[in-house]
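A.B. asks: Sharing a structure here in structure tokens format.
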Amino acid sequence: MEIAGEVLRRSLPEEVGVSYGSSSDSEELHVLAVDDSYVDRKVIERLLRISSCKVTAVESGTRALQFLGLDGEKNSVGFSDLKVNLIMTDYSMPGMTGYELLKKIKESSAFREIPVVIMSSENILARIDRCLEEGAEEFIVKPVKLSDVKRLKDFIMKGDGEEKGKRTILKRKMQDDIFSLSSQFPASNSVSSELESSTPLYLSKRPKLLNRG
Amino acid sequence: MDGVVQLQRQLVDYTASLFHEGFLDEQFNQLQQLQDENNPDFVVEVVSLFFEDSERLLNELAKALEQQSVDFKRIDAHVHQLKGSSSSIGAQRVQKACIAFRNYCDEQNTEGCLKCLQQVKHEYSLMKTKLETLFKLQRRVLAAGGSIPKPI
């Protein structure tokens, strides 16, 4: 890890902020946060560190891909030894959007299993749908709260096998309950009506947005 | 000590007034919750970044609106960024002024945009003054040996 750390410091540009937790590496979640806003990067870093996660914060999709070693550059070093457990990316970024970054990650055999969460200040249903369709774990409307981070951390810590089983059951149940959903969740009117008219396939993911609490 | 208690009361009252008058919203409380003994300057640091970022964006906006041919897409992108960062620190009135600004961008209305820029500058300037006052009060409390009350 020491050697990897040194390489990291030497070859990555200054805007990458990397924190190494003091406890054993295998226990702490490592989150890659992607956001072009300085303010938001600082806040998300703090939210994650206070939740005992290691954070690597980068300013763009390009930097994120470089960090993962996915940018196709001959000279890039893949830091896949520094296992990333979660990627949180802003949606609207100049150059590569969060959506485009999501696609690239899901197209990669090495990284497609990493959960990707999209953050956006705009609550646009079509945008949310697109991201979930492309494999995003969740879509969080900014500003991101500590409760969001805690929820994400719990979800990832639960582990793949068990959680996937639970989620499959949840999906099937949700499909049965399609039309009772809008009455269960006291969401805004526009969201309720959207729920009823949207395709069942993605309905199972919607309740996560409403359950933010 | 009376001095500390009075200063703390002043701080609590001033903070409450900022929320009451809509300058700050819940997000600012969230930031204060993230501050602790290990990161005692977190809020000041984030807000300083916000000040730097905002001033840069306001300059860019002024320049963009002076152009012969106004690039509304670019202006919208800047306002979107400003709206985002003000939302992230809980600067509610600045955020709201940005929302109005974006509407005029959509309409490609230069006159409207210029008015909105003035409004956003005004709100930003107020916000900056108030936050600087808040931080000054906090420093006085700390200097007097008191602690900054955490939001409920």
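As shown in the structure tokens, the chain order sets the letters A, B, ...; within each chain, residues go from 1, and ligands are also counted from 1 in the order they appear.
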If you take only C-alpha atoms and a cut-off of 7 Å, which residues of chain B touch chain A, and what are their nearest atom pairs and distances in Å to one decimal, in chain and number order, as JSON lines?
C.D. replies:
{"residue": "B:Val46", "atom": "CA", "partner": "A:Val39", "partner_atom": "CA", "distance": 6.1}
{"residue": "B:Leu49", "atom": "CA", "partner": "A:Val39", "partner_atom": "CA", "distance": 6.0}
{"residue": "B:Phe50", "atom": "CA", "partner": "A:Val39", "partner_atom": "CA", "distance": 6.1}
{"residue": "B:Gly84", "atom": "CA", "partner": "A:Ser121", "partner_atom": "CA", "distance": 6.6}
{"residue": "B:Ser85", "atom": "CA", "partner": "A:Val39", "partner_atom": "CA", "distance": 6.1}
{"residue": "B:Ser87", "atom": "CA", "partner": "A:Pro143", "partner_atom": "CA", "distance": 6.7}
{"residue": "B:Ser88", "atom": "CA", "partner": "A:Pro143", "partner_atom": "CA", "distance": 5.5}
A.B. asks: For Val84 of chain A, work out the shell of residues within 7 Å, counting only C-alpha atoms and skipping chain neighbours fewer than 6 positions away, then give it as a VMD selection string.
C.D. replies: chain A and resid 30 to 32
A.B. asks: Generate a file of the selected residues that holds all heavy atoms, formatted as a PDB file, in the first residue's frame.
C.D. replies:
ATOM      1  N   HIS A  30     -13.986   2.701   0.667  1.00  0.00           N
ATOM      2  CA  HIS A  30     -13.290   3.709  -0.114  1.00  0.00           C
ATOM      3  C   HIS A  30     -14.253   4.252  -1.158  1.00  0.00           C
ATOM      4  O   HIS A  30     -14.749   3.498  -2.002  1.00  0.00           O
ATOM      5  CB  HIS A  30     -12.053   3.096  -0.764  1.00  0.00           C
ATOM      6  CG  HIS A  30     -11.267   4.064  -1.572  1.00  0.00           C
ATOM      7  ND1 HIS A  30     -10.395   3.685  -2.571  1.00  0.00           N
ATOM      8  CD2 HIS A  30     -11.226   5.422  -1.560  1.00  0.00           C
ATOM      9  CE1 HIS A  30      -9.852   4.763  -3.112  1.00  0.00           C
ATOM     10  NE2 HIS A  30     -10.330   5.827  -2.522  1.00  0.00           N
ATOM     11  N   VAL A  31     -14.506   5.543  -1.058  1.00  0.00           N
ATOM     12  CA  VAL A  31     -15.449   6.166  -1.972  1.00  0.00           C
ATOM     13  C   VAL A  31     -14.729   7.114  -2.925  1.00  0.00           C
ATOM     14  O   VAL A  31     -13.901   7.925  -2.493  1.00  0.00           O
ATOM     15  CB  VAL A  31     -16.526   6.965  -1.191  1.00  0.00           C
ATOM     16  CG1 VAL A  31     -17.557   7.553  -2.148  1.00  0.00           C
ATOM     17  CG2 VAL A  31     -17.205   6.073  -0.162  1.00  0.00           C
ATOM     18  N   LEU A  32     -15.044   7.002  -4.189  1.00  0.00           N
ATOM     19  CA  LEU A  32     -14.520   7.924  -5.193  1.00  0.00           C
ATOM     20  C   LEU A  32     -15.620   8.953  -5.458  1.00  0.00           C
ATOM     21  O   LEU A  32     -16.709   8.610  -5.907  1.00  0.00           O
ATOM     22  CB  LEU A  32     -14.160   7.160  -6.476  1.00  0.00           C
ATOM     23  CG  LEU A  32     -13.677   7.978  -7.686  1.00  0.00           C
ATOM     24  CD1 LEU A  32     -12.391   8.721  -7.374  1.00  0.00           C
ATOM     25  CD2 LEU A  32     -13.474   7.061  -8.892  1.00  0.00           C
TER      26      LEU A  32
END
A.B. asks: If you run DSSP over the backbone, which residues in segment 9-143 of chain B end up alpha helix (DSSP H)? Put them as number ranges by chain.
C.D. replies: B: 9-20, 26-33, 42-66, 72-89, 92-106, 110-143
A.B. asks: Skipping near chain neighbours, those fewer than 5 positions away, what residues fall within 12 Å of Glu107 of chain B using only C-alpha atoms, listed as a ChimeraX atom specification?
C.D. replies: /B:72-73,76,100-102,112-113
A.B. asks: Between B:Cys98, B:Val120, B:Ile89, B:Leu134, which has the minimum distance to Phe28 of chain B (counting only C-alpha atoms)?
C.D. replies: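 Among the listed residues, the smallest separation from Phe28 of chain B belongs to B:Ile89.
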A.B. asks: Using only C-alpha atoms, pick whichever of A:Asp129, A:Glu134, A:Glu100, A:Asp90 has the shortest atom-to-atom distance to Val34 of chain A.
C.D. replies: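 Ranking A:Asp129, A:Glu134, A:Glu100, A:Asp90 by distance to Val34 of chain A, first place goes to A:Asp90.
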A.B. asks: Running DSSP on the backbone, which parts of segment 20-151 of chain A land in strand (DSSP E), as a count of residues only?
C.D. replies: 26
A.B. asks: For segment 122-130 of chain B, list every protein, DNA or RNA residue within 7 Å, evaluated using only C-alpha atoms, and leave out those in the same chain fewer than 4 positions away; present the list as a ChimeraX atom specification.
C.D. replies: /B:23,93-94,118,134
